[in-house]
Amino acid sequence: MSETKGHFERGRWVEDPEPAPVAPTTGSAGRHPPGTPDAHEQIEQAARKAGEDLERAINAWAESARKAWQKR
């Protein structure tokens, strides 16, 4: 006879639910937990890179527009 974990509730035996397994948060595999100095640095680096990428894209667009304007 196997014993199940539970308790009596209003004269009836109620089985306690099994705890759900902890699922890893999406996108956090191999990264630092939020709120740590390493995570803060990682966010800053990503923001710097995004800013640099945006600046390059704007400069390329501006150069393209300048060349198109000169051809007129």
# chains A, B, ... in the order shown; residues from 1 in each chain; ligands from 1

call {"tool": "select_by_dssp", "arguments": {"residues": "stretch 7-64 of chain A", "states": "strand (DSSP E or B)", "output": "list in words"}}
result
His7, Phe8, Glu9, Arg12, Trp13, Val14 and Glu15 of chain A

call {"tool": "write_last_selection", "arguments": {"atoms": "N, CA and C atoms", "output": "short mmCIF file (atom, residue, chain, number, x, y, z; two decimals), in the first residue's frame"}}
result
data_model
loop_
_atom_site.label_atom_id
_atom_site.label_comp_id
_atom_site.auth_asym_id
_atom_site.auth_seq_id
_atom_site.Cartn_x
_atom_site.Cartn_y
_atom_site.Cartn_z
N HIS A 7 -3.95 15.61 3.35
CA HIS A 7 -4.50 16.04 4.63
C HIS A 7 -6.02 15.83 4.61
N PHE A 8 -6.58 15.85 5.80
CA PHE A 8 -8.03 15.73 5.91
C PHE A 8 -8.64 17.12 5.79
N GLU A 9 -9.70 17.18 5.00
CA GLU A 9 -10.41 18.43 4.84
C GLU A 9 -11.89 18.12 4.92
N ARG A 12 -12.70 14.43 4.81
CA ARG A 12 -12.27 13.66 3.63
C ARG A 12 -10.77 13.82 3.43
N TRP A 13 -10.14 12.76 2.92
CA TRP A 13 -8.71 12.81 2.64
C TRP A 13 -8.50 13.52 1.30
N VAL A 14 -7.67 14.54 1.31
CA VAL A 14 -7.37 15.31 0.10
C VAL A 14 -5.87 15.18 -0.15
N GLU A 15 -5.53 14.71 -1.35
CA GLU A 15 -4.11 14.56 -1.70
C GLU A 15 -3.52 15.93 -1.99
#

call {"tool": "select_by_dssp", "arguments": {"residues": "chain A", "states": "alpha helix (DSSP H)", "output": "PyMOL selection string"}}
result
chain A and resi 37-71

call {"tool": "atom_distance", "arguments": {"atom1": "atom CA of A:Pro34", "atom2": "atom CA of A:Ala47"}}
result
15.5 Å

call {"tool": "decode", "arguments": {"residues": "chain A", "atoms": "C-alpha atoms", "output": "PDB file, in the first residue's frame"}}
result
ATOM      1  CA  MET A   1       0.000   0.000   0.000  1.00  0.00           C
ATOM      2  CA  SER A   2       1.503   3.325  -1.033  1.00  0.00           C
ATOM      3  CA  GLU A   3       1.025   6.376   1.097  1.00  0.00           C
ATOM      4  CA  THR A   4       0.136   9.639  -0.551  1.00  0.00           C
ATOM      5  CA  LYS A   5       0.828  13.017   0.913  1.00  0.00           C
ATOM      6  CA  GLY A   6      -2.261  14.879   1.862  1.00  0.00           C
ATOM      7  CA  HIS A   7      -4.500  16.042   4.627  1.00  0.00           C
ATOM      8  CA  PHE A   8      -8.028  15.733   5.910  1.00  0.00           C
ATOM      9  CA  GLU A   9     -10.406  18.431   4.839  1.00  0.00           C
ATOM     10  CA  ARG A  10     -13.977  18.379   6.234  1.00  0.00           C
ATOM     11  CA  GLY A  11     -13.646  14.694   7.028  1.00  0.00           C
ATOM     12  CA  ARG A  12     -12.269  13.658   3.628  1.00  0.00           C
ATOM     13  CA  TRP A  13      -8.707  12.808   2.637  1.00  0.00           C
ATOM     14  CA  VAL A  14      -7.366  15.309   0.096  1.00  0.00           C
ATOM     15  CA  GLU A  15      -4.112  14.563  -1.696  1.00  0.00           C
ATOM     16  CA  ASP A  16      -1.589  17.381  -1.764  1.00  0.00           C
ATOM     17  CA  PRO A  17      -0.617  18.323  -5.319  1.00  0.00           C
ATOM     18  CA  GLU A  18       2.912  17.544  -6.437  1.00  0.00           C
ATOM     19  CA  PRO A  19       5.025  20.673  -6.716  1.00  0.00           C
ATOM     20  CA  ALA A  20       5.529  21.719 -10.331  1.00  0.00           C
ATOM     21  CA  PRO A  21       9.075  21.414 -11.619  1.00  0.00           C
ATOM     22  CA  VAL A  22      10.888  24.717 -11.939  1.00  0.00           C
ATOM     23  CA  ALA A  23      11.145  25.655 -15.588  1.00  0.00           C
ATOM     24  CA  PRO A  24      14.112  27.706 -16.767  1.00  0.00           C
ATOM     25  CA  THR A  25      13.213  31.228 -17.798  1.00  0.00           C
ATOM     26  CA  THR A  26      13.311  31.778 -21.526  1.00  0.00           C
ATOM     27  CA  GLY A  27      16.310  33.621 -22.811  1.00  0.00           C
ATOM     28  CA  SER A  28      18.329  33.284 -19.631  1.00  0.00           C
ATOM     29  CA  ALA A  29      20.321  30.155 -20.392  1.00  0.00           C
ATOM     30  CA  GLY A  30      23.967  30.896 -19.709  1.00  0.00           C
ATOM     31  CA  ARG A  31      23.330  34.452 -18.627  1.00  0.00           C
ATOM     32  CA  HIS A  32      23.586  36.196 -15.290  1.00  0.00           C
ATOM     33  CA  PRO A  33      20.571  36.495 -12.984  1.00  0.00           C
ATOM     34  CA  PRO A  34      18.863  39.885 -13.186  1.00  0.00           C
ATOM     35  CA  GLY A  35      19.962  42.429 -10.632  1.00  0.00           C
ATOM     36  CA  THR A  36      23.567  41.271 -10.414  1.00  0.00           C
ATOM     37  CA  PRO A  37      26.476  43.538 -11.373  1.00  0.00           C
ATOM     38  CA  ASP A  38      27.397  41.108 -14.178  1.00  0.00           C
ATOM     39  CA  ALA A  39      23.877  41.300 -15.588  1.00  0.00           C
ATOM     40  CA  HIS A  40      24.006  45.105 -15.382  1.00  0.00           C
ATOM     41  CA  GLU A  41      27.289  45.137 -17.313  1.00  0.00           C
ATOM     42  CA  GLN A  42      25.863  42.747 -19.898  1.00  0.00           C
ATOM     43  CA  ILE A  43      22.859  45.038 -20.414  1.00  0.00           C
ATOM     44  CA  GLU A  44      25.125  48.077 -20.755  1.00  0.00           C
ATOM     45  CA  GLN A  45      27.265  46.305 -23.359  1.00  0.00           C
ATOM     46  CA  ALA A  46      24.184  45.276 -25.335  1.00  0.00           C
ATOM     47  CA  ALA A  47      22.860  48.848 -25.210  1.00  0.00           C
ATOM     48  CA  ARG A  48      26.221  50.243 -26.379  1.00  0.00           C
ATOM     49  CA  LYS A  49      26.336  47.780 -29.265  1.00  0.00           C
ATOM     50  CA  ALA A  50      22.746  48.605 -30.251  1.00  0.00           C
ATOM     51  CA  GLY A  51      23.621  52.318 -30.234  1.00  0.00           C
ATOM     52  CA  GLU A  52      26.683  51.725 -32.402  1.00  0.00           C
ATOM     53  CA  ASP A  53      24.672  49.600 -34.840  1.00  0.00           C
ATOM     54  CA  LEU A  54      21.989  52.287 -35.034  1.00  0.00           C
ATOM     55  CA  GLU A  55      24.588  54.985 -35.635  1.00  0.00           C
ATOM     56  CA  ARG A  56      26.153  52.940 -38.459  1.00  0.00           C
ATOM     57  CA  ALA A  57      22.739  52.394 -40.053  1.00  0.00           C
ATOM     58  CA  ILE A  58      21.865  56.093 -39.862  1.00  0.00           C
ATOM     59  CA  ASN A  59      25.223  57.093 -41.322  1.00  0.00           C
ATOM     60  CA  ALA A  60      24.831  54.596 -44.190  1.00  0.00           C
ATOM     61  CA  TRP A  61      21.327  55.897 -44.896  1.00  0.00           C
ATOM     62  CA  ALA A  62      22.534  59.508 -44.806  1.00  0.00           C
ATOM     63  CA  GLU A  63      25.406  58.720 -47.180  1.00  0.00           C
ATOM     64  CA  SER A  64      23.010  56.972 -49.559  1.00  0.00           C
ATOM     65  CA  ALA A  65      20.629  59.939 -49.469  1.00  0.00           C
ATOM     66  CA  ARG A  66      23.523  62.374 -50.057  1.00  0.00           C
ATOM     67  CA  LYS A  67      24.710  60.410 -53.114  1.00  0.00           C
ATOM     68  CA  ALA A  68      21.167  60.195 -54.482  1.00  0.00           C
ATOM     69  CA  TRP A  69      20.764  63.956 -53.996  1.00  0.00           C
ATOM     70  CA  GLN A  70      24.015  64.692 -55.852  1.00  0.00           C
ATOM     71  CA  LYS A  71      22.928  62.589 -58.845  1.00  0.00           C
ATOM     72  CA  ARG A  72      19.880  64.839 -59.385  1.00  0.00           C
TER      73      ARG A  72
END
